[in-house]
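> This is model_25.cif (mmCIF, C-alpha atoms).
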data_data
#
loop_
_atom_site.label_atom_id
_atom_site.label_comp_id
_atom_site.auth_asym_id
_atom_site.auth_seq_id
_atom_site.Cartn_x
_atom_site.Cartn_y
_atom_site.Cartn_z
CA MET K 1 0.00 0.00 0.00
CA ASN K 2 1.33 3.43 -0.87
CA ALA K 3 1.71 5.75 2.12
CA PRO K 4 -0.26 8.98 1.74
CA PRO K 5 1.96 11.89 0.67
CA GLN K 6 3.15 14.02 3.54
CA PRO K 7 3.15 17.83 3.29
CA ARG K 8 6.62 19.31 3.22
CA PRO K 9 7.57 21.96 5.77
CA SER K 10 6.07 25.33 4.88
CA GLY K 11 9.54 26.85 4.98
CA SER K 12 10.81 24.64 2.16
CA THR K 13 12.18 26.84 -0.61
CA ASP K 14 13.15 24.28 -3.27
CA SER K 15 11.21 24.47 -6.52
CA PRO K 16 9.73 21.30 -8.02
CA CYS K 17 9.83 22.94 -11.45
CA GLU K 18 12.22 25.53 -12.83
CA VAL K 19 12.55 26.74 -16.41
CA ARG K 20 15.60 28.70 -17.60
CA HIS K 21 15.85 30.41 -21.01
CA LEU K 22 13.55 27.82 -22.59
CA SER K 23 12.82 28.12 -26.30
CA LYS K 24 10.95 26.21 -28.97
CA ARG K 25 11.07 26.90 -32.68
CA TYR K 26 9.52 25.09 -35.61
CA GLY K 27 11.76 26.17 -38.45
CA GLU K 28 11.64 29.96 -38.37
CA HIS K 29 8.44 30.05 -36.28
CA VAL K 30 9.11 30.95 -32.63
CA VAL K 31 6.60 29.49 -30.17
CA VAL K 32 8.52 29.87 -26.89
CA ASP K 33 11.27 32.46 -26.66
CA ASP K 34 13.80 32.66 -23.78
CA LEU K 35 11.17 31.67 -21.19
CA SER K 36 12.16 31.53 -17.50
CA PHE K 37 10.11 30.92 -14.34
CA SER K 38 10.08 28.80 -11.19
CA ILE K 39 7.20 27.23 -9.30
CA PRO K 40 7.06 27.35 -5.47
CA ARG K 41 6.47 24.01 -3.78
CA ASN K 42 3.03 23.11 -2.40
CA GLN K 43 1.21 25.91 -4.19
CA VAL K 44 -1.28 26.24 -7.05
CA VAL K 45 0.42 28.25 -9.80
CA GLY K 46 -1.49 29.64 -12.77
CA LEU K 47 0.10 29.87 -16.22
CA ILE K 48 -1.87 32.50 -18.13
CA GLY K 49 -1.50 34.34 -21.40
CA PRO K 50 -3.34 35.15 -24.64
CA ASN K 51 -3.90 32.51 -27.30
CA GLY K 52 -0.58 31.65 -28.93
CA ALA K 53 1.48 32.74 -25.91
CA GLY K 54 3.08 29.28 -25.65
CA LYS K 55 1.26 27.86 -22.60
CA THR K 56 0.43 24.40 -23.93
CA THR K 57 3.77 24.04 -25.73
CA THR K 58 5.57 24.92 -22.49
CA MET K 59 3.59 22.30 -20.57
CA LYS K 60 4.34 19.68 -23.22
CA MET K 61 8.06 20.47 -22.96
CA LEU K 62 7.89 20.06 -19.18
CA LEU K 63 6.38 16.62 -19.70
CA GLY K 64 8.85 15.48 -22.34
CA LEU K 65 6.17 15.44 -25.06
CA VAL K 66 7.90 18.18 -27.06
CA ARG K 67 11.68 18.58 -27.30
CA PRO K 68 12.94 22.11 -26.50
CA THR K 69 15.08 23.94 -29.02
CA GLY K 70 17.14 25.45 -26.20
CA GLY K 71 17.26 26.16 -22.48
CA ASP K 72 16.99 24.03 -19.35
CA ILE K 73 14.16 22.40 -17.42
CA SER K 74 14.55 21.13 -13.86
CA LEU K 75 11.85 18.83 -12.51
CA LEU K 76 11.95 17.51 -8.95
CA GLY K 77 15.70 17.87 -8.72
CA ARG K 78 16.49 16.43 -12.15
CA THR K 79 17.60 18.37 -15.23
CA ILE K 80 16.38 17.55 -18.72
CA GLY K 81 18.80 15.30 -20.57
CA GLU K 82 20.46 13.74 -17.53
CA PRO K 83 20.23 9.93 -17.11
CA ARG K 84 17.55 9.98 -14.38
CA TRP K 85 15.29 12.54 -16.06
CA GLY K 86 12.73 9.79 -16.62
CA ASP K 87 12.55 9.17 -12.87
CA ALA K 88 11.40 12.77 -12.38
CA LEU K 89 8.76 12.49 -15.12
CA ARG K 90 7.29 9.43 -13.40
CA ARG K 91 6.61 11.60 -10.33
CA VAL K 92 4.57 14.10 -12.39
CA GLY K 93 0.86 13.75 -13.17
CA SER K 94 -0.70 15.58 -16.10
CA MET K 95 -3.89 16.27 -18.00
CA ILE K 96 -3.22 17.97 -21.32
CA GLU K 97 -6.07 18.93 -23.67
CA ALA K 98 -8.47 16.08 -22.73
CA PRO K 99 -8.91 13.75 -19.73
CA PRO K 100 -7.24 10.33 -20.32
CA ILE K 101 -10.49 8.39 -19.83
CA TYR K 102 -11.56 5.00 -21.22
CA ASP K 103 -15.35 5.15 -21.63
CA ARG K 104 -15.75 1.35 -21.66
CA LEU K 105 -14.31 1.15 -18.14
CA THR K 106 -15.97 2.35 -14.96
CA ALA K 107 -14.42 5.24 -13.02
CA ARG K 108 -12.93 2.74 -10.57
CA GLN K 109 -11.51 0.62 -13.39
CA ASN K 110 -9.99 3.71 -15.02
CA LEU K 111 -8.07 4.42 -11.80
CA GLN K 112 -7.05 0.77 -11.42
CA TYR K 113 -5.80 0.70 -15.01
CA GLN K 114 -3.73 3.83 -14.40
CA ALA K 115 -2.32 2.32 -11.19
CA LEU K 116 -1.15 -0.75 -13.11
CA ALA K 117 0.49 1.50 -15.71
CA VAL K 118 2.23 3.63 -13.06
CA SER K 119 3.38 1.05 -10.52
CA GLY K 120 2.41 -2.39 -11.78
CA SER K 121 -0.03 -2.94 -8.92
CA VAL K 122 -3.36 -1.62 -7.63
CA ASP K 123 -3.83 -0.04 -4.21
CA ASP K 124 -7.58 -0.25 -3.63
CA ASP K 125 -7.38 2.10 -0.66
CA GLU K 126 -5.74 4.73 -2.86
CA VAL K 127 -8.41 4.26 -5.54
CA ASP K 128 -11.20 4.71 -2.98
CA GLU K 129 -9.51 7.79 -1.51
CA LEU K 130 -9.13 9.42 -4.93
CA LEU K 131 -12.77 8.75 -5.77
CA ARG K 132 -13.77 10.46 -2.52
CA LEU K 133 -11.38 13.35 -3.18
CA VAL K 134 -13.02 14.14 -6.53
CA ASP K 135 -16.56 13.51 -5.21
CA LEU K 136 -17.19 10.48 -7.43
CA ALA K 137 -17.43 7.75 -4.78
CA ASP K 138 -21.17 7.34 -5.39
CA ARG K 139 -20.60 6.98 -9.17
CA ALA K 140 -17.42 4.89 -8.94
CA ASP K 141 -18.89 1.85 -10.69
CA ASP K 142 -20.60 3.79 -13.48
CA ARG K 143 -19.06 4.21 -16.90
CA PRO K 144 -17.98 7.82 -17.51
CA ARG K 145 -19.82 8.03 -20.84
CA GLY K 146 -22.84 9.03 -18.74
CA TYR K 147 -20.94 11.65 -16.74
CA SER K 148 -21.33 15.40 -17.07
CA LEU K 149 -18.35 17.32 -18.44
CA GLY K 150 -17.45 18.47 -14.93
CA MET K 151 -17.50 14.90 -13.61
CA ARG K 152 -15.26 13.77 -16.48
CA GLN K 153 -12.80 16.54 -15.71
CA ARG K 154 -12.72 15.52 -12.04
CA LEU K 155 -12.17 11.88 -12.99
CA GLY K 156 -9.35 13.01 -15.29
CA ILE K 157 -7.70 14.82 -12.39
CA ALA K 158 -8.12 11.73 -10.18
CA ILE K 159 -6.32 9.69 -12.85
CA THR K 160 -3.42 12.17 -12.82
CA LEU K 161 -3.17 11.77 -9.03
CA VAL K 162 -2.68 7.99 -9.09
CA GLY K 163 0.69 7.18 -7.51
CA SER K 164 0.79 10.40 -5.44
CA PRO K 165 2.70 12.64 -7.89
CA GLU K 166 4.64 15.54 -6.40
CA LEU K 167 3.74 17.83 -9.31
CA VAL K 168 0.50 17.93 -11.31
CA ILE K 169 0.23 19.81 -14.62
CA LEU K 170 -3.28 20.67 -15.83
CA ASP K 171 -4.03 22.35 -19.17
CA GLU K 172 -7.31 24.33 -19.07
CA PRO K 173 -9.15 21.97 -16.67
CA GLY K 174 -12.13 24.34 -16.48
CA ASN K 175 -12.53 24.69 -20.25
CA GLY K 176 -16.17 24.28 -21.29
CA LEU K 177 -17.49 23.88 -17.75
CA ASP K 178 -20.47 25.74 -16.32
CA PRO K 179 -19.91 27.94 -13.22
CA SER K 180 -20.66 25.11 -10.76
CA GLY K 181 -18.22 22.81 -12.55
CA ILE K 182 -15.52 25.48 -12.46
CA ILE K 183 -16.05 25.95 -8.71
CA GLU K 184 -15.71 22.17 -8.16
CA ILE K 185 -12.40 22.09 -10.05
CA ARG K 186 -11.16 25.10 -8.08
CA ARG K 187 -11.99 23.45 -4.77
CA LEU K 188 -10.30 20.25 -5.87
CA MET K 189 -7.09 22.03 -6.88
CA GLY K 190 -7.10 23.91 -3.58
CA ARG K 191 -6.99 20.63 -1.64
CA LEU K 192 -3.95 19.20 -3.42
CA PRO K 193 -1.16 21.30 -1.81
CA GLU K 194 -2.39 20.14 1.62
CA SER K 195 -1.14 16.63 0.77
CA GLY K 196 2.18 17.72 -0.73
CA THR K 197 1.20 18.13 -4.39
CA THR K 198 2.23 21.23 -6.33
CA VAL K 199 -0.12 22.26 -9.15
CA LEU K 200 0.69 24.09 -12.40
CA VAL K 201 -2.52 24.98 -14.22
CA SER K 202 -3.07 26.93 -17.43
CA SER K 203 -6.23 28.94 -17.92
CA HIS K 204 -7.64 31.89 -19.84
CA GLN K 205 -10.27 32.60 -17.14
CA LEU K 206 -8.62 35.45 -15.23
CA ALA K 207 -11.26 35.78 -12.52
CA GLU K 208 -11.00 32.07 -11.82
CA VAL K 209 -7.19 31.89 -11.61
CA GLN K 210 -7.23 34.91 -9.30
CA GLN K 211 -9.34 32.88 -6.85
CA ALA K 212 -7.74 29.47 -7.41
CA CYS K 213 -4.02 30.24 -7.63
CA ASP K 214 -1.42 31.22 -5.05
CA GLN K 215 0.89 32.60 -7.76
CA LEU K 216 0.62 33.54 -11.42
CA VAL K 217 3.05 33.32 -14.34
CA ILE K 218 1.95 35.59 -17.20
CA LEU K 219 3.22 34.81 -20.71
CA ALA K 220 3.16 36.90 -23.87
CA ASN K 221 4.88 36.10 -27.16
CA GLY K 222 6.44 33.02 -25.57
CA ARG K 223 8.10 34.95 -22.74
CA THR K 224 7.44 35.52 -19.05
CA VAL K 225 6.26 39.10 -18.54
CA ALA K 226 5.32 38.80 -14.85
CA GLN K 227 5.39 36.30 -12.00
CA GLY K 228 4.14 36.56 -8.43
CA THR K 229 1.00 36.73 -6.34
CA THR K 230 -1.93 38.75 -7.66
CA SER K 231 -0.98 41.46 -5.15
CA ASP K 232 2.61 41.47 -6.46
CA ILE K 233 1.43 41.87 -10.04
CA LEU K 234 -1.07 44.61 -9.22
CA SER K 235 1.36 46.45 -6.93
CA GLY K 236 2.57 49.66 -8.50
CA ARG K 237 0.23 49.34 -11.47
CA SER K 238 -2.44 51.67 -10.12
CA GLN K 239 -2.74 54.67 -12.42
CA HIS K 240 -3.45 58.20 -11.22
CA VAL K 241 -6.77 58.31 -13.08
CA PHE K 242 -10.12 59.74 -11.99
CA HIS K 243 -13.62 59.23 -13.36
CA VAL K 244 -15.58 62.47 -12.99
CA THR K 245 -19.33 62.38 -13.69
CA VAL K 246 -21.38 65.57 -14.12
CA GLY K 247 -24.96 66.40 -15.10
CA ASP K 248 -26.19 66.31 -18.71
CA ASP K 249 -26.37 70.10 -18.90
CA GLU K 250 -22.92 70.62 -17.38
CA THR K 251 -20.66 68.66 -19.73
CA VAL K 252 -19.66 71.66 -21.85
CA ARG K 253 -18.75 73.81 -18.84
CA ALA K 254 -16.96 70.89 -17.18
CA GLY K 255 -14.90 70.21 -20.30
CA ALA K 256 -13.99 73.90 -20.60
CA ALA K 257 -12.98 74.10 -16.91
CA LEU K 258 -10.78 71.01 -17.15
CA SER K 259 -9.19 72.24 -20.37
CA ALA K 260 -8.54 75.71 -18.92
CA ALA K 261 -6.78 74.09 -15.95
CA GLY K 262 -4.52 72.15 -18.32
CA LEU K 263 -5.88 68.76 -17.26
CA VAL K 264 -5.76 65.87 -19.72
CA VAL K 265 -9.10 64.25 -20.53
CA VAL K 266 -8.13 60.75 -21.64
CA GLU K 267 -11.65 59.76 -22.62
CA ARG K 268 -15.24 60.91 -22.31
CA ILE K 269 -18.01 58.35 -21.81
CA GLY K 270 -21.40 60.07 -21.83
CA THR K 271 -21.26 62.57 -18.98
CA THR K 272 -18.19 60.96 -17.40
CA PHE K 273 -14.72 62.41 -17.99
CA VAL K 274 -11.71 60.10 -17.59
CA ILE K 275 -8.93 62.37 -16.34
CA GLU K 276 -5.24 61.68 -15.75
CA PRO K 277 -4.08 64.65 -13.63
CA PRO K 278 -0.58 65.31 -12.28
CA PRO K 279 0.29 63.21 -9.17
CA GLU K 280 -0.22 66.18 -6.84
CA VAL K 281 -3.83 66.71 -7.98
CA GLY K 282 -6.41 64.64 -6.08
CA GLY K 283 -10.16 64.18 -6.04
CA ARG K 284 -10.78 67.17 -3.73
CA ASP K 285 -8.79 69.42 -6.05
CA LEU K 286 -10.90 68.32 -9.01
CA ASN K 287 -14.08 68.93 -7.05
CA ARG K 288 -12.96 72.46 -6.07
CA LEU K 289 -11.92 73.22 -9.64
CA LEU K 290 -15.31 72.24 -11.05
CA ALA K 291 -17.21 74.00 -8.25
CA SER K 292 -15.37 77.23 -9.06
CA SER K 293 -16.96 77.01 -12.53
CA ASP K 294 -20.40 76.25 -11.06
CA VAL K 295 -20.20 72.60 -12.10
CA PHE K 296 -21.53 69.97 -9.70
CA ALA K 297 -19.77 66.59 -9.91
CA SER K 298 -22.18 63.81 -8.99
CA SER K 299 -19.23 61.44 -8.49
CA ILE K 300 -15.43 61.56 -8.52
CA ASN K 301 -13.74 58.20 -8.08
CA GLN K 302 -10.41 56.55 -8.69
CA PRO K 303 -10.97 53.08 -10.21
CA VAL K 304 -9.12 50.09 -8.78
CA VAL K 305 -6.87 48.24 -11.23
CA SER K 306 -8.10 44.66 -11.72
CA LEU K 307 -6.08 41.61 -12.70
CA GLU K 308 -7.67 41.86 -16.14
CA ASP K 309 -6.46 45.48 -16.45
CA ALA K 310 -2.94 44.49 -15.38
CA PHE K 311 -2.92 41.47 -17.70
CA LEU K 312 -4.03 43.47 -20.73
CA ASP K 313 -1.54 46.22 -19.90
CA LEU K 314 1.36 43.75 -19.56
CA VAL K 315 0.49 42.02 -22.83
CA ARG K 316 -0.01 45.36 -24.61
CA GLN K 317 3.46 46.52 -23.55
CA GLN K 318 5.16 43.60 -25.29
CA PRO K 319 6.66 44.36 -28.71
CA ASP K 320 4.91 42.86 -31.71
CA PRO K 321 7.13 39.98 -32.90
CA ALA K 322 6.42 41.09 -36.47
CA GLN K 323 8.26 44.34 -35.75
CA HIS K 324 11.48 42.62 -34.63
CA ASP K 325 14.51 42.97 -36.85
CA THR K 326 15.57 39.35 -37.32
CA PRO K 327 13.88 37.00 -39.79
CA THR K 328 13.32 34.43 -37.01
CA GLN K 329 11.51 36.93 -34.85
CA LYS K 330 9.46 38.23 -37.77
CA ALA K 331 8.29 34.70 -38.48
CA ALA K 332 6.94 34.34 -34.93
CA SER K 333 3.89 36.56 -35.45
#
Represent the structure contained in this file as structure tokens.

Amino acid sequence: MNAPPQPRPSGSTDSPCEVRHLSKRYGEHVVVDDLSFSIPRNQVVGLIGPNGAGKTTTMKMLLGLVRPTGGDISLLGRTIGEPRWGDALRRVGSMIEAPPIYDRLTARQNLQYQALAVSGSVDDDEVDELLRLVDLADRADDRPRGYSLGMRQRLGIAITLVGSPELVILDEPGNGLDPSGIIEIRRLMGRLPESGTTVLVSSHQLAEVQQACDQLVILANGRTVAQGTTSDILSGRSQHVFHVTVGDDETVRAGAALSAAGLVVVERIGTTFVIEPPPEVGGRDLNRLLASSDVFASSINQPVVSLEDAFLDLVRQQPDPAQHDTPTQKAAS
């Protein structure tokens, strides 16, 4: 019987997965370009980026399914290419693109089949525990062809957990799920670090990764553009911008007053002016300025920067690969 995985000390600083200057090219087409990041142990880490950013290709390189063009990968203390690299891969569970499910087998039989493939034997206690973990114990002896999409995704994750892997890599596990299914996957991922499993998950659902993940790695054009907690990524990204709303009959006077004061109106949406004043000018100053021109502001607020705002800003700041000077970089667009 396999012993249940034991959580490592919270002070452990070693990384179960580290990528250094990783690249992947198909001819002149660049998919991953000088990518570097590390994953903290016993956390859920989100890999996010726009379509074509290199998320799935990166995951496939981590799993040995795609050979890198350059760079290094370290998994669980082993470096790609060294003799015992395969030992590290056997301690990694993964679900890429679709759950590895056999519809002719029951859920229990799917887990037993995976156990035989991983270790050559079946631990029935482990199978029962995994079925409970993914809330499928009451459907364990049903064939998954009758499962909902969310149930199939949970069974797929259970299959990746056979053998107590130290690292689990999940590619878009919430893709196509309804809100309740997404919440179930989030709760499931949140339980895994408690038993010593680190999770790397890709997703395009920013609101969901913000709730599910301890850290984020943001990719654009095959490169890491930010890594850290949501707070780290949002820190320092707040802009000195105010939304000033006035009455319908006061927009002309408000615009004239702001212009006369030399303030930049970035955008106007109906009766709301989006203003980016100098750092020393605050909401009270704007209110006094408008009042001096007999304009009443019904609201003056400074919007909070969201993860979506930060994500779009980070991606927008990246140079268009088509504008690079080298033929290889031009081909990457």
> Pick the closest to Asn42 of chain K from K:Ala260, K:Ala115, K:Cys17, K:Ile269: which is it, counting all atoms listed in the file?
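Of all the options, K:Cys17 lies closest to Asn42 of chain K.
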> Rounded to one decimal in Å, what is the spacing between atom CA of Arg104 of chain K and atom CA of Ile182 of chain K?
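Atom-to-atom, atom CA of Arg104 of chain K and atom CA of Ile182 of chain K are spaced 25.8 Å apart.
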> Counting all atoms listed in the file, what is within 12 Å of Pro16 of chain K, bar same-chain residues fewer than 5 positions away, as a PyMOL selection string?
chain K and resi 8+37-43+45+62+73-79+88-89+91-92+165-169+196-200
> At a cut-off of 12 Å, using all atoms listed in the file, what residues contact Pro68 of chain K? Leave out same-chain residues fewer than 6 positions from it and give the result as a list in words.
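The residues satisfying every condition are Val19, Arg20, His21, Leu22, Ser23, Lys24, Arg25, Tyr26, Val30, Val31, Val32, Asp33, Asp34, Leu35, Thr57, Thr58, Met59, Lys60, Met61, Leu62, Ile80 and Gly81 of chain K.
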> Mind checking which residues fall within 8 Å of segment 284-291 of chain K, counting all atoms listed in the file, ignoring those fewer than 4 positions away in the same chain, and posting them as a list in words?
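Contacts, in chain order: Ala254, Ala257, Leu258, Val295, Phe296, Ala297 and Ile300 of chain K.
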> Using all atoms listed in the file, list the residues that have an atom at most 6 Å from (-11.4, 0.8, -6.6), coordinates as in the file, as a ChimeraX atom specification.
/K:108,124,127-128
> May I have the residues within 6 Å of Val274 of chain K as a ChimeraX atom specification, using only C-alpha atoms and disregarding those fewer than 5 positions away in the same chain?
/K:242-243,265-268
> Extract, using only C-alpha atoms, all DNA, RNA and protein residues at most 9 Å from Ile48 of chain K, discarding same-chain residues fewer than 3 positions from it, and format them as number ranges by chain.
K: 53, 55, 201-206, 209, 216-220
> In Å, with one decimal, what is the gap from atom CA of Leu105 of chain K to atom CA of Gly181 of chain K?
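Interatomic distance, atom CA of Leu105 of chain K to atom CA of Gly181 of chain K: 22.7 Å.
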> I need the residue nearest Asp171 of chain K from this list: K:Asn221, K:Gln153, K:Ser292, K:Thr251. Use only C-alpha atoms for the distance.
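Of K:Asn221, K:Gln153, K:Ser292, K:Thr251, the one nearest Asp171 of chain K is K:Gln153, counting only C-alpha atoms.
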> Taking the point (-8.9, 16.8, -18.0) as given in the file, collect each protein or nucleic acid residue that comes within 12 Å of it, counting only C-alpha atoms, and present the set as a compact mmCIF listing (two decimals) with C-alpha atoms, keeping the file's coordinate frame.

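And here's part-v7.txt as it stands now:
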# COMPACT_ATOMS: atom_id res chain seq x y z
CA GLY K 93 0.86 13.75 -13.17
CA SER K 94 -0.70 15.58 -16.10
CA MET K 95 -3.89 16.27 -18.00
CA ILE K 96 -3.22 17.97 -21.32
CA GLU K 97 -6.07 18.93 -23.67
CA ALA K 98 -8.47 16.08 -22.73
CA PRO K 99 -8.91 13.75 -19.73
CA PRO K 100 -7.24 10.33 -20.32
CA ILE K 101 -10.49 8.39 -19.83
CA LEU K 149 -18.35 17.32 -18.44
CA GLY K 150 -17.45 18.47 -14.93
CA MET K 151 -17.50 14.90 -13.61
CA ARG K 152 -15.26 13.77 -16.48
CA GLN K 153 -12.80 16.54 -15.71
CA ARG K 154 -12.72 15.52 -12.04
CA LEU K 155 -12.17 11.88 -12.99
CA GLY K 156 -9.35 13.01 -15.29
CA ILE K 157 -7.70 14.82 -12.39
CA ALA K 158 -8.12 11.73 -10.18
CA ILE K 159 -6.32 9.69 -12.85
CA THR K 160 -3.42 12.17 -12.82
CA LEU K 161 -3.17 11.77 -9.03
CA VAL K 168 0.50 17.93 -11.31
CA ILE K 169 0.23 19.81 -14.62
CA LEU K 170 -3.28 20.67 -15.83
CA ASP K 171 -4.03 22.35 -19.17
CA GLU K 172 -7.31 24.33 -19.07
CA PRO K 173 -9.15 21.97 -16.67
CA GLY K 174 -12.13 24.34 -16.48
CA ASN K 175 -12.53 24.69 -20.25
CA GLY K 176 -16.17 24.28 -21.29
CA LEU K 177 -17.49 23.88 -17.75
CA ILE K 185 -12.40 22.09 -10.05
CA VAL K 201 -2.52 24.98 -14.22
CA SER K 202 -3.07 26.93 -17.43
